[in-house]
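Structure file my_file_3.tsv (TSV, C-alpha atoms and all ligand atoms) is printed below.
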chain	number	residue	atom	x	y	z
A	16	MET	CA	9.10	51.78	-39.38
A	17	LYS	CA	10.23	55.28	-40.17
A	18	ASN	CA	13.52	55.65	-41.99
A	19	ILE	CA	15.81	58.24	-40.41
A	20	ILE	CA	19.00	59.23	-42.20
A	21	VAL	CA	21.91	59.53	-39.78
A	22	ALA	CA	24.66	61.42	-41.60
A	23	GLY	CA	27.90	60.60	-39.79
A	24	GLY	CA	26.35	57.52	-38.16
A	25	ALA	CA	29.69	55.66	-38.17
A	26	GLY	CA	31.28	58.27	-35.87
A	27	TYR	CA	31.40	58.45	-32.08
A	28	ILE	CA	28.10	60.20	-31.34
A	29	GLY	CA	26.34	59.11	-34.55
A	30	SER	CA	26.95	55.41	-33.85
A	31	HIS	CA	25.36	55.74	-30.41
A	32	MET	CA	22.42	57.51	-32.08
A	33	VAL	CA	22.03	54.72	-34.63
A	34	LYS	CA	21.88	52.13	-31.85
A	35	MET	CA	19.34	54.16	-29.85
A	36	LEU	CA	17.15	54.76	-32.91
A	37	GLY	CA	17.22	51.04	-33.71
A	38	GLU	CA	16.22	50.22	-30.12
A	39	SER	CA	13.44	52.85	-30.23
A	40	GLY	CA	11.50	51.50	-33.20
A	41	PHE	CA	13.08	53.55	-36.01
A	42	ASN	CA	15.08	52.32	-38.99
A	43	PRO	CA	18.36	54.27	-39.00
A	44	ILE	CA	20.10	54.66	-42.36
A	45	THR	CA	23.73	55.56	-41.79
A	46	VAL	CA	25.28	57.72	-44.50
A	47	ASP	CA	29.01	58.09	-43.92
A	48	ASN	CA	32.16	58.48	-46.00
A	49	LEU	CA	34.24	56.81	-43.24
A	50	SER	CA	36.66	59.77	-43.21
A	51	THR	CA	36.82	59.59	-39.40
A	52	GLY	CA	34.17	56.94	-38.71
A	53	HIS	CA	34.25	53.14	-38.54
A	54	ARG	CA	32.03	50.75	-40.49
A	55	ASP	CA	31.93	48.28	-37.59
A	56	SER	CA	30.49	50.96	-35.27
A	57	VAL	CA	27.19	50.85	-37.16
A	58	LEU	CA	25.21	48.29	-35.20
A	59	CYS	CA	21.67	48.83	-36.55
A	60	GLY	CA	19.89	49.58	-39.80
A	61	ASP	CA	21.35	50.06	-43.27
A	62	PHE	CA	24.72	51.51	-44.16
A	63	GLU	CA	25.42	53.64	-47.24
A	64	GLU	CA	28.99	54.72	-47.89
A	65	CYS	CA	28.59	58.18	-49.41
A	66	ASP	CA	29.90	61.70	-48.97
A	67	ILE	CA	27.17	64.20	-48.12
A	68	ALA	CA	28.66	66.45	-50.81
A	69	ASP	CA	27.94	63.84	-53.51
A	70	SER	CA	24.61	65.07	-54.92
A	71	ALA	CA	23.98	62.08	-57.19
A	72	GLY	CA	24.83	59.56	-54.45
A	73	MET	CA	22.71	61.37	-51.88
A	74	GLY	CA	19.82	61.59	-54.36
A	75	ARG	CA	19.93	57.80	-54.85
A	76	ILE	CA	19.84	57.28	-51.08
A	77	PHE	CA	16.84	59.60	-50.58
A	78	GLU	CA	15.08	57.92	-53.49
A	79	LYS	CA	15.71	54.46	-52.04
A	80	TYR	CA	14.70	55.15	-48.42
A	81	ASN	CA	12.26	58.09	-48.54
A	82	PRO	CA	13.44	59.23	-45.07
A	83	SER	CA	11.11	61.09	-42.73
A	84	ALA	CA	13.95	63.04	-41.08
A	85	VAL	CA	17.71	63.60	-41.13
A	86	MET	CA	20.04	63.72	-38.13
A	87	HIS	CA	23.26	65.39	-39.17
A	88	PHE	CA	26.45	64.46	-37.30
A	89	ALA	CA	28.80	64.43	-40.30
A	90	ALA	CA	31.48	67.09	-39.87
A	91	PHE	CA	35.10	67.68	-39.10
A	92	SER	CA	35.56	68.88	-35.54
A	93	LEU	CA	39.21	69.42	-34.61
A	94	VAL	CA	39.51	73.03	-33.49
A	95	ALA	CA	43.29	73.36	-34.05
A	96	GLU	CA	43.08	71.78	-37.51
A	97	SER	CA	40.29	74.19	-38.43
A	98	VAL	CA	42.66	77.09	-37.73
A	99	SER	CA	45.40	75.72	-40.02
A	100	LYS	CA	43.04	74.30	-42.70
A	101	PRO	CA	39.89	76.46	-42.75
A	102	ASP	CA	39.13	75.42	-46.36
A	103	LYS	CA	38.68	71.80	-45.21
A	104	TYR	CA	36.18	72.89	-42.53
A	105	TYR	CA	34.13	75.29	-44.63
A	106	ARG	CA	33.98	72.81	-47.52
A	107	ASN	CA	32.86	69.85	-45.43
A	108	ASN	CA	30.86	71.45	-42.64
A	109	VAL	CA	29.22	74.25	-44.64
A	110	ALA	CA	29.20	73.25	-48.33
A	111	GLY	CA	28.56	69.56	-47.48
A	112	THR	CA	25.64	70.50	-45.25
A	113	LEU	CA	24.23	72.81	-47.93
A	114	ASN	CA	24.26	69.90	-50.36
A	115	LEU	CA	22.52	67.67	-47.82
A	116	LEU	CA	19.82	70.33	-47.24
A	117	ASP	CA	19.29	70.78	-50.97
A	118	THR	CA	18.90	67.03	-51.41
A	119	MET	CA	16.29	67.08	-48.64
A	120	ARG	CA	14.42	69.87	-50.46
A	121	LYS	CA	14.50	67.94	-53.70
A	122	TYR	CA	12.99	64.86	-52.05
A	123	ALA	CA	10.54	66.80	-49.82
A	124	CYS	CA	12.13	65.67	-46.56
A	125	ASP	CA	11.78	68.60	-44.20
A	126	ARG	CA	12.83	67.54	-40.70
A	127	PHE	CA	16.43	68.17	-39.75
A	128	ILE	CA	18.33	67.74	-36.49
A	129	PHE	CA	21.72	69.40	-36.42
A	130	SER	CA	24.79	68.78	-34.25
A	131	SER	CA	26.12	72.20	-33.38
A	132	THR	CA	28.62	73.05	-30.67
A	133	ALA	CA	29.42	75.28	-27.72
A	134	ALA	CA	32.24	76.59	-29.95
A	135	VAL	CA	29.69	78.90	-31.63
A	136	PHE	CA	29.70	81.04	-28.47
A	137	GLY	CA	33.44	81.81	-28.39
A	138	ASN	CA	34.69	83.28	-25.12
A	139	PRO	CA	31.89	83.24	-22.55
A	140	GLU	CA	30.51	86.59	-21.48
A	141	TYR	CA	28.53	84.97	-18.63
A	142	LEU	CA	27.97	81.50	-17.18
A	143	PRO	CA	26.09	79.23	-17.50
A	144	ILE	CA	25.69	79.73	-21.24
A	145	ASP	CA	22.09	79.82	-22.41
A	146	GLU	CA	20.75	79.96	-25.98
A	147	GLU	CA	20.67	83.78	-25.96
A	148	HIS	CA	24.36	84.13	-25.18
A	149	PRO	CA	26.20	86.16	-27.89
A	150	LYS	CA	27.64	83.93	-30.62
A	151	LYS	CA	31.16	85.02	-31.52
A	152	PRO	CA	33.15	81.93	-32.47
A	153	VAL	CA	36.92	82.22	-32.18
A	154	ASN	CA	37.91	79.48	-34.66
A	155	PRO	CA	36.78	78.31	-38.13
A	156	TYR	CA	35.21	75.15	-36.67
A	157	GLY	CA	32.83	77.23	-34.53
A	158	THR	CA	32.21	79.63	-37.42
A	159	SER	CA	31.38	76.76	-39.79
A	160	LYS	CA	28.70	75.53	-37.37
A	161	LEU	CA	27.32	79.04	-36.82
A	162	ILE	CA	27.03	79.57	-40.59
A	163	VAL	CA	24.97	76.37	-40.83
A	164	GLU	CA	22.74	77.61	-38.00
A	165	SER	CA	22.04	80.75	-40.08
A	166	ILE	CA	21.39	78.67	-43.20
A	167	LEU	CA	18.83	76.61	-41.27
A	168	ARG	CA	16.94	79.73	-40.20
A	169	ASP	CA	16.87	81.03	-43.77
A	170	TYR	CA	15.83	77.64	-45.24
A	171	SER	CA	13.11	77.37	-42.66
A	172	ARG	CA	11.70	80.77	-43.59
A	173	ALA	CA	12.00	80.30	-47.34
A	174	TYR	CA	11.39	76.56	-47.85
A	175	GLY	CA	9.55	75.40	-44.73
A	176	LEU	CA	12.43	73.33	-43.33
A	177	GLU	CA	11.73	72.27	-39.73
A	178	TYR	CA	14.87	72.01	-37.65
A	179	VAL	CA	16.26	71.50	-34.20
A	180	ILE	CA	19.77	72.73	-33.42
A	181	PHE	CA	21.58	71.04	-30.54
A	182	ARG	CA	24.72	72.71	-29.23
A	183	TYR	CA	26.71	70.09	-27.39
A	184	PHE	CA	29.21	70.98	-24.73
A	185	ASN	CA	31.76	68.16	-24.12
A	186	ALA	CA	30.42	64.79	-25.24
A	187	ALA	CA	31.82	61.95	-23.13
A	188	GLY	CA	31.25	58.32	-22.15
A	189	HIS	CA	30.39	55.09	-23.92
A	190	ASP	CA	27.32	52.96	-24.24
A	191	GLU	CA	27.32	50.59	-21.25
A	192	SER	CA	26.95	47.56	-23.51
A	193	GLY	CA	30.64	48.00	-24.34
A	194	ASP	CA	29.79	47.60	-28.04
A	195	LEU	CA	30.59	51.22	-28.92
A	196	LYS	CA	33.55	53.42	-28.12
A	197	GLU	CA	35.03	56.82	-28.74
A	198	ARG	CA	37.61	56.03	-31.44
A	199	HIS	CA	38.87	59.40	-32.58
A	200	ASN	CA	42.29	59.44	-34.21
A	201	PRO	CA	43.96	61.56	-33.01
A	202	GLU	CA	42.06	61.60	-29.73
A	203	THR	CA	41.79	65.14	-28.41
A	204	HIS	CA	39.09	64.75	-25.76
A	205	LEU	CA	40.15	64.82	-22.13
A	206	ILE	CA	38.35	61.83	-20.58
A	207	PRO	CA	39.52	59.20	-23.12
A	208	LEU	CA	43.04	60.66	-22.95
A	209	VAL	CA	43.17	60.42	-19.15
A	210	VAL	CA	41.74	56.88	-19.28
A	211	GLN	CA	44.47	55.96	-21.78
A	212	ALA	CA	47.06	57.29	-19.31
A	213	ALA	CA	45.47	55.18	-16.53
A	214	LYS	CA	45.65	52.12	-18.78
A	215	GLY	CA	49.32	52.75	-19.47
A	216	GLU	CA	48.61	53.45	-23.14
A	217	ARG	CA	50.25	56.88	-22.92
A	218	PRO	CA	53.20	57.85	-20.72
A	219	HIS	CA	51.47	60.79	-19.03
A	220	ILE	CA	48.60	63.22	-19.32
A	221	SER	CA	49.29	66.85	-20.24
A	222	VAL	CA	47.51	69.71	-18.51
A	223	TYR	CA	47.60	72.82	-20.68
A	224	GLY	CA	47.84	75.70	-18.23
A	225	ASP	CA	47.21	75.73	-14.47
A	226	ASP	CA	46.99	79.49	-13.98
A	227	TYR	CA	43.49	80.19	-15.33
A	228	ASP	CA	40.98	82.16	-13.32
A	229	THR	CA	39.20	79.02	-12.08
A	230	PRO	CA	39.10	77.43	-8.59
A	231	ASP	CA	42.15	75.19	-9.18
A	232	GLY	CA	43.69	77.10	-12.12
A	233	THR	CA	42.84	74.48	-14.79
A	234	CYS	CA	40.11	74.79	-17.43
A	235	VAL	CA	36.53	73.90	-16.50
A	236	ARG	CA	34.24	72.08	-18.92
A	237	ASP	CA	30.71	70.64	-18.89
A	238	TYR	CA	30.67	66.90	-19.71
A	239	ILE	CA	27.53	65.31	-21.09
A	240	HIS	CA	27.12	61.57	-21.64
A	241	VAL	CA	26.80	60.54	-25.29
A	242	ASN	CA	23.56	58.63	-24.66
A	243	ASP	CA	22.06	61.72	-23.00
A	244	LEU	CA	22.86	63.64	-26.20
A	245	CYS	CA	21.15	60.90	-28.18
A	246	SER	CA	18.05	60.88	-25.95
A	247	ALA	CA	17.80	64.64	-26.58
A	248	HIS	CA	17.87	63.92	-30.33
A	249	LEU	CA	15.02	61.44	-29.95
A	250	ALA	CA	13.06	64.05	-27.96
A	251	GLY	CA	13.85	66.62	-30.67
A	252	LEU	CA	12.60	64.28	-33.38
A	253	ARG	CA	9.34	63.66	-31.53
A	254	TYR	CA	8.99	67.40	-30.89
A	255	LEU	CA	9.19	68.12	-34.64
A	256	GLU	CA	6.84	65.22	-35.44
A	257	ASN	CA	4.32	66.75	-33.02
A	258	GLY	CA	4.44	70.10	-34.81
A	259	GLY	CA	6.96	71.90	-32.58
A	260	ASP	CA	8.50	75.10	-33.96
A	261	SER	CA	12.07	75.04	-35.20
A	262	SER	CA	14.35	75.88	-32.30
A	263	ASP	CA	17.82	75.68	-30.75
A	264	PHE	CA	18.91	74.01	-27.50
A	265	ASN	CA	22.14	73.89	-25.50
A	266	LEU	CA	22.98	70.45	-24.14
A	267	GLY	CA	25.17	70.00	-21.08
A	268	ASN	CA	24.96	68.81	-17.49
A	269	GLY	CA	25.00	72.32	-16.08
A	270	SER	CA	27.99	71.68	-13.84
A	271	GLY	CA	31.61	72.18	-14.70
A	272	PHE	CA	34.62	70.02	-13.83
A	273	SER	CA	38.22	71.15	-14.06
A	274	VAL	CA	40.97	69.21	-15.81
A	275	LYS	CA	42.51	68.43	-12.40
A	276	GLU	CA	39.15	67.18	-11.09
A	277	ILE	CA	38.74	64.86	-14.09
A	278	ILE	CA	42.24	63.48	-13.50
A	279	GLU	CA	41.44	62.85	-9.82
A	280	LYS	CA	38.12	61.18	-10.72
A	281	VAL	CA	39.84	58.87	-13.22
A	282	ARG	CA	42.41	57.96	-10.52
A	283	LEU	CA	39.53	57.20	-8.16
A	284	VAL	CA	37.48	55.15	-10.64
A	285	SER	CA	40.48	53.20	-11.99
A	286	GLY	CA	42.48	52.91	-8.78
A	287	VAL	CA	45.56	53.65	-10.90
A	288	ASP	CA	48.06	56.48	-10.52
A	289	PHE	CA	49.78	58.00	-13.56
A	290	ASP	CA	52.02	60.92	-14.44
A	291	VAL	CA	50.65	64.39	-15.07
A	292	LYS	CA	52.66	67.12	-16.81
A	293	THR	CA	51.75	70.78	-16.75
A	294	GLU	CA	52.41	72.48	-20.07
A	295	GLU	CA	51.91	75.95	-21.56
A	296	ARG	CA	48.36	77.17	-22.14
A	297	ARG	CA	46.97	76.44	-25.61
A	298	ALA	CA	45.73	79.40	-27.62
A	299	GLY	CA	41.97	79.85	-27.64
A	300	ASP	CA	40.99	77.74	-24.60
A	301	PRO	CA	38.37	79.69	-22.60
A	302	PRO	CA	38.81	79.19	-18.81
A	303	SER	CA	35.25	77.87	-18.25
A	304	LEU	CA	32.42	76.58	-20.42
A	305	VAL	CA	29.24	75.49	-18.66
A	306	ALA	CA	25.83	75.01	-20.30
A	307	ASP	CA	22.40	76.17	-19.27
A	308	SER	CA	20.14	73.39	-20.63
A	309	LEU	CA	16.89	74.48	-18.97
A	310	LYS	CA	15.28	75.18	-22.35
A	311	ALA	CA	15.74	71.56	-23.52
A	312	LYS	CA	14.38	70.30	-20.20
A	313	LYS	CA	11.37	72.59	-20.33
A	314	ILE	CA	10.40	72.35	-23.99
A	315	LEU	CA	11.55	68.82	-24.92
A	316	GLY	CA	11.02	67.24	-21.49
A	317	TRP	CA	14.63	66.03	-21.71
A	318	GLN	CA	16.48	64.86	-18.61
A	319	PRO	CA	20.11	63.68	-18.66
A	320	GLU	CA	20.55	60.34	-16.89
A	321	TYR	CA	24.27	60.65	-16.25
A	322	THR	CA	24.46	63.66	-13.96
A	323	ASP	CA	27.41	62.37	-11.92
A	324	ILE	CA	30.82	62.73	-13.60
A	325	GLU	CA	32.05	59.53	-11.91
A	326	ASP	CA	29.29	57.54	-13.61
A	327	ILE	CA	30.29	59.02	-16.99
A	328	ILE	CA	33.95	58.12	-16.40
A	329	LYS	CA	32.99	54.60	-15.27
A	330	THR	CA	31.31	53.96	-18.64
A	331	VAL	CA	34.64	54.73	-20.33
A	332	TRP	CA	36.85	52.88	-17.85
A	333	LYS	CA	34.67	49.73	-17.97
A	334	THR	CA	34.54	49.55	-21.76
A	335	ALA	CA	37.73	51.21	-23.09
A	401	LIG	N1	32.45	65.05	-29.70
A	401	LIG	C1	32.12	66.20	-29.13
A	401	LIG	O1	32.44	66.46	-27.96
A	401	LIG	C2	31.30	67.21	-29.91
A	401	LIG	C3	31.00	68.43	-29.28
A	401	LIG	C4	30.23	69.36	-29.99
A	401	LIG	C5	29.77	69.07	-31.25
A	401	LIG	N2	30.09	67.88	-31.85
A	401	LIG	C6	29.59	67.62	-33.20
A	401	LIG	O2	28.96	66.36	-33.21
A	401	LIG	C7	29.14	65.71	-34.46
A	401	LIG	C8	29.69	64.32	-34.26
A	401	LIG	O3	30.91	64.39	-33.57
A	401	LIG	P1	31.77	63.08	-33.27
A	401	LIG	O4	32.63	63.37	-32.09
A	401	LIG	O5	30.90	61.90	-33.27
A	401	LIG	O6	32.72	63.07	-34.57
A	401	LIG	P2	33.24	61.83	-35.44
A	401	LIG	O7	34.40	62.35	-36.23
A	401	LIG	O8	33.45	60.63	-34.58
A	401	LIG	O9	32.01	61.53	-36.40
A	401	LIG	C9	31.76	62.24	-37.59
A	401	LIG	C10	31.32	61.23	-38.64
A	401	LIG	O10	30.96	61.93	-39.84
A	401	LIG	C11	31.57	61.30	-40.96
A	401	LIG	N3	31.75	62.32	-41.98
A	401	LIG	C12	32.49	63.46	-41.92
A	401	LIG	N4	32.38	64.16	-43.06
A	401	LIG	C13	31.54	63.47	-43.89
A	401	LIG	C14	31.03	63.67	-45.19
A	401	LIG	N5	31.39	64.73	-45.90
A	401	LIG	N6	30.18	62.76	-45.70
A	401	LIG	C15	29.82	61.66	-44.99
A	401	LIG	N7	30.27	61.41	-43.74
A	401	LIG	C16	31.13	62.30	-43.19
A	401	LIG	C17	32.86	60.70	-40.42
A	401	LIG	O11	33.36	59.65	-41.20
A	401	LIG	C18	32.42	60.25	-39.02
A	401	LIG	O12	31.89	58.93	-39.07
A	401	LIG	C19	30.03	66.63	-35.28
A	401	LIG	O13	29.20	67.39	-36.14
A	401	LIG	C20	30.69	67.51	-34.24
A	401	LIG	O14	31.01	68.78	-34.77
A	401	LIG	C21	30.85	66.95	-31.20

Encoding of this model in structure tokens:
Amino acid sequence: MKNIIVAGGAGYIGSHMVKMLGESGFNPITVDNLSTGHRDSVLCGDFEECDIADSAGMGRIFEKYNPSAVMHFAAFSLVAESVSKPDKYYRNNVAGTLNLLDTMRKYACDRFIFSSTAAVFGNPEYLPIDEEHPKKPVNPYGTSKLIVESILRDYSRAYGLEYVIFRYFNAAGHDESGDLKERHNPETHLIPLVVQAAKGERPHISVYGDDYDTPDGTCVRDYIHVNDLCSAHLAGLRYLENGGDSSDFNLGNGSGFSVKEIIEKVRLVSGVDFDVKTEERRAGDPPSLVADSLKAKKILGWQPEYTDIEDIIKTVWKTA
């Protein structure tokens, strides 16, 4: 069985990846410092508590497992926090990743799959957003991911690193087994927040701005089920194993849903009504973000299974 290091495997997306790798005949090795992750979310393979910035610790792990590839989910990802604490984001997301890549070089592990984000694009200049869209991030979180994308290109050229970059739009949903959940603290993602309101765990749901240039005035986002992201990672791993060239792929469903539509869908799925409050716009929220994922479909043969937003919401409602 091939050992695959999953950096950040105790987090929301990483823990789903670990489970899928385990079910697909790989041995996932989770490396996580538990800064935002949870030990009990790691359901398969080995667990190593380590910070990716710890060179000696990472060296021991590479020595022990001789991994054939690394999937890198470990990062901080709160946009607002990245604006007030850019040092935290550049240190963890950029310097930490650099250390991980240098450990890989040292131990001759040269396959790398990177979790990037739609935030690298900044304000959309056209929709849907394909891989060629200009990349002008508007916050340090997006910049930190774009810097890593550049590092990967340079390491590939100079040291033969083989990489796949995946830029996720809005990850959503849970594994249907109910064994894994989105457990961010604080939670900032819309679907779990609206589900919490439907469950009575928060007094209301806030809508930040209803006067955007969108059909109903609220922001439009592209929601992609977490297991569809993970199946893209598996396809990316196989692509590299089969000699595919290093490349980048946007991952989304290709259709956008507004905040109001998500609220209505959660009301429909749950059968529960709850309070909604309209608040001021937040700085830096683009009106619409929708992905063009044709490249991943064409080159990786990837197909998302959860193309209906109601089905994505049901996986959260059933298991939250
Ligand atoms: N959730 C989304 O909608 C979304 C969208 C776009 C991109 N992403 C990216 O996907 C990745 C995973 O996101 P998530 O929502 O699962 O986040 P998460 O916070 O749930 O998971 C991140 C994991 O990485 C670990 N970690 C962080 N820094 C570390 C370090 N220095 N050393 C070891 N472990 C460390 C945390 O403990 C946590 O378990 C991130 O890189 C994020 O930027 C997420």

Problem - Contacts of Asn81 in chain A within 10 Å, only C-alpha atoms, excl. fewer than 4 positions in-chain, as a ChimeraX atom specification - result: /A:17-20,75-77,119,122-124

Exercise for the section: Take the point (19.9, 59.8, -43.4) in the file's coordinates, draw a sphere of radius 8 Å around it, and report as a PyMOL selection string every protein, DNA or RNA residue with an atom inside or on it, counting only C-alpha atoms. Expected result: chain A and resi 18-22+43-46+77+82+84-87

If the box runs along x, y and z of the file and leaves 4 Å on each side of ligand LIG 401 (chain A), what are its centre and edge lengths in Å, one decimal, as AutoDock Vina command-line options?
--center_x 31.7 --center_y 64.1 --center_z -36.9 --size_x 13.4 --size_y 18.4 --size_z 25.9

Practice task
Let me have all residues with an atom within 8 Å of ligand LIG 401 (chain A), counting only C-alpha atoms and all ligand atoms, laid out as a PyMOL selection string.
Solution key: chain A and resi 22-30+46-53+64-68+87-92+107-108+111+129-134+156+160+182-187+197-199+204

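CA of Ile128 in chain A to CA of Glu177 in chain A spans 8.6 Å [interatomic distance, one decimal].
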
Exercise for the section: Write out as a PyMOL selection string which residues come within 8 Å of Phe264 in chain A when counting all atoms listed in the file, dropping same-chain ones fewer than 6 positions away. Expected result: chain A and resi 146+179-182+308+310-311

Practice task
One decimal, Å: what's the distance from CA of Pro152 in chain A over to CA of His248 in chain A, could you say?
Solution key: 23.7 Å

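Minimum distance to Asp290 in chain A across A:Pro201, A:Gly60, A:Gly258, A:Gly215 (counting only C-alpha atoms) occurs at A:Gly215.
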
Exercise for the section: Would you list the contacts of Glu320 in chain A as a ChimeraX atom specification, taking every protein, DNA or RNA residue within 8 Å and counting all atoms listed in the file, but skipping same-chain residues closer than 2 positions in sequence? Expected result: /A:243,318,322

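The space between CA of Tyr223 in chain A and CA of Glu276 in chain A spans 14.0 Å.
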
Exercise for the section: Please provide the set of residues having any atom within 8 Å of Cys245 in chain A, restricted to all atoms listed in the file, with same-chain residues fewer than 5 positions apart removed, written as a ChimeraX atom specification. Expected result: /A:28,31-32,35

Exercise for the section: Please return, as a PyMOL selection string, all polymer residues that have at least one atom within 8 Å of the point (44.7, 63.5, -16.8); use all atoms listed in the file and the file's own coordinate frame. Expected result: chain A and resi 205-206+208-210+212+219-222+274-275+277-279+281+291

Exercise for the section: Excluding Ser159 in chain A and any residue of its chain fewer than 6 positions from it, enumerate the residues within 7 Å of it, using only C-alpha atoms, and give them as a list in words. Expected result: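 Final neighbour list, sorted by chain and number: Tyr104, Tyr105, Asn108 and Val109 of chain A.
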
Completion exercise
Of A:Arg168, A:Lys329, A:Arg54, A:Lys103, the one nearest to Gly193 in chain A when counting all atoms listed in the file is A:Lys329

Fill in the blank from the handout: Using all atoms listed in the file, the residue out of A:Ala173, A:Leu304, A:Leu115, A:Ile327 with shortest distance to Ser270 in chain A is A:Leu304

Handout entry: Nearest to Phe272 in chain A, chosen from A:Glu216, A:Asp237, A:Asp194, A:Asp307, with all atoms listed in the file counted in the distances
Key =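 Checking each of A:Glu216, A:Asp237, A:Asp194, A:Asp307 against Phe272 in chain A, counting all atoms listed in the file, the winner is A:Asp237.
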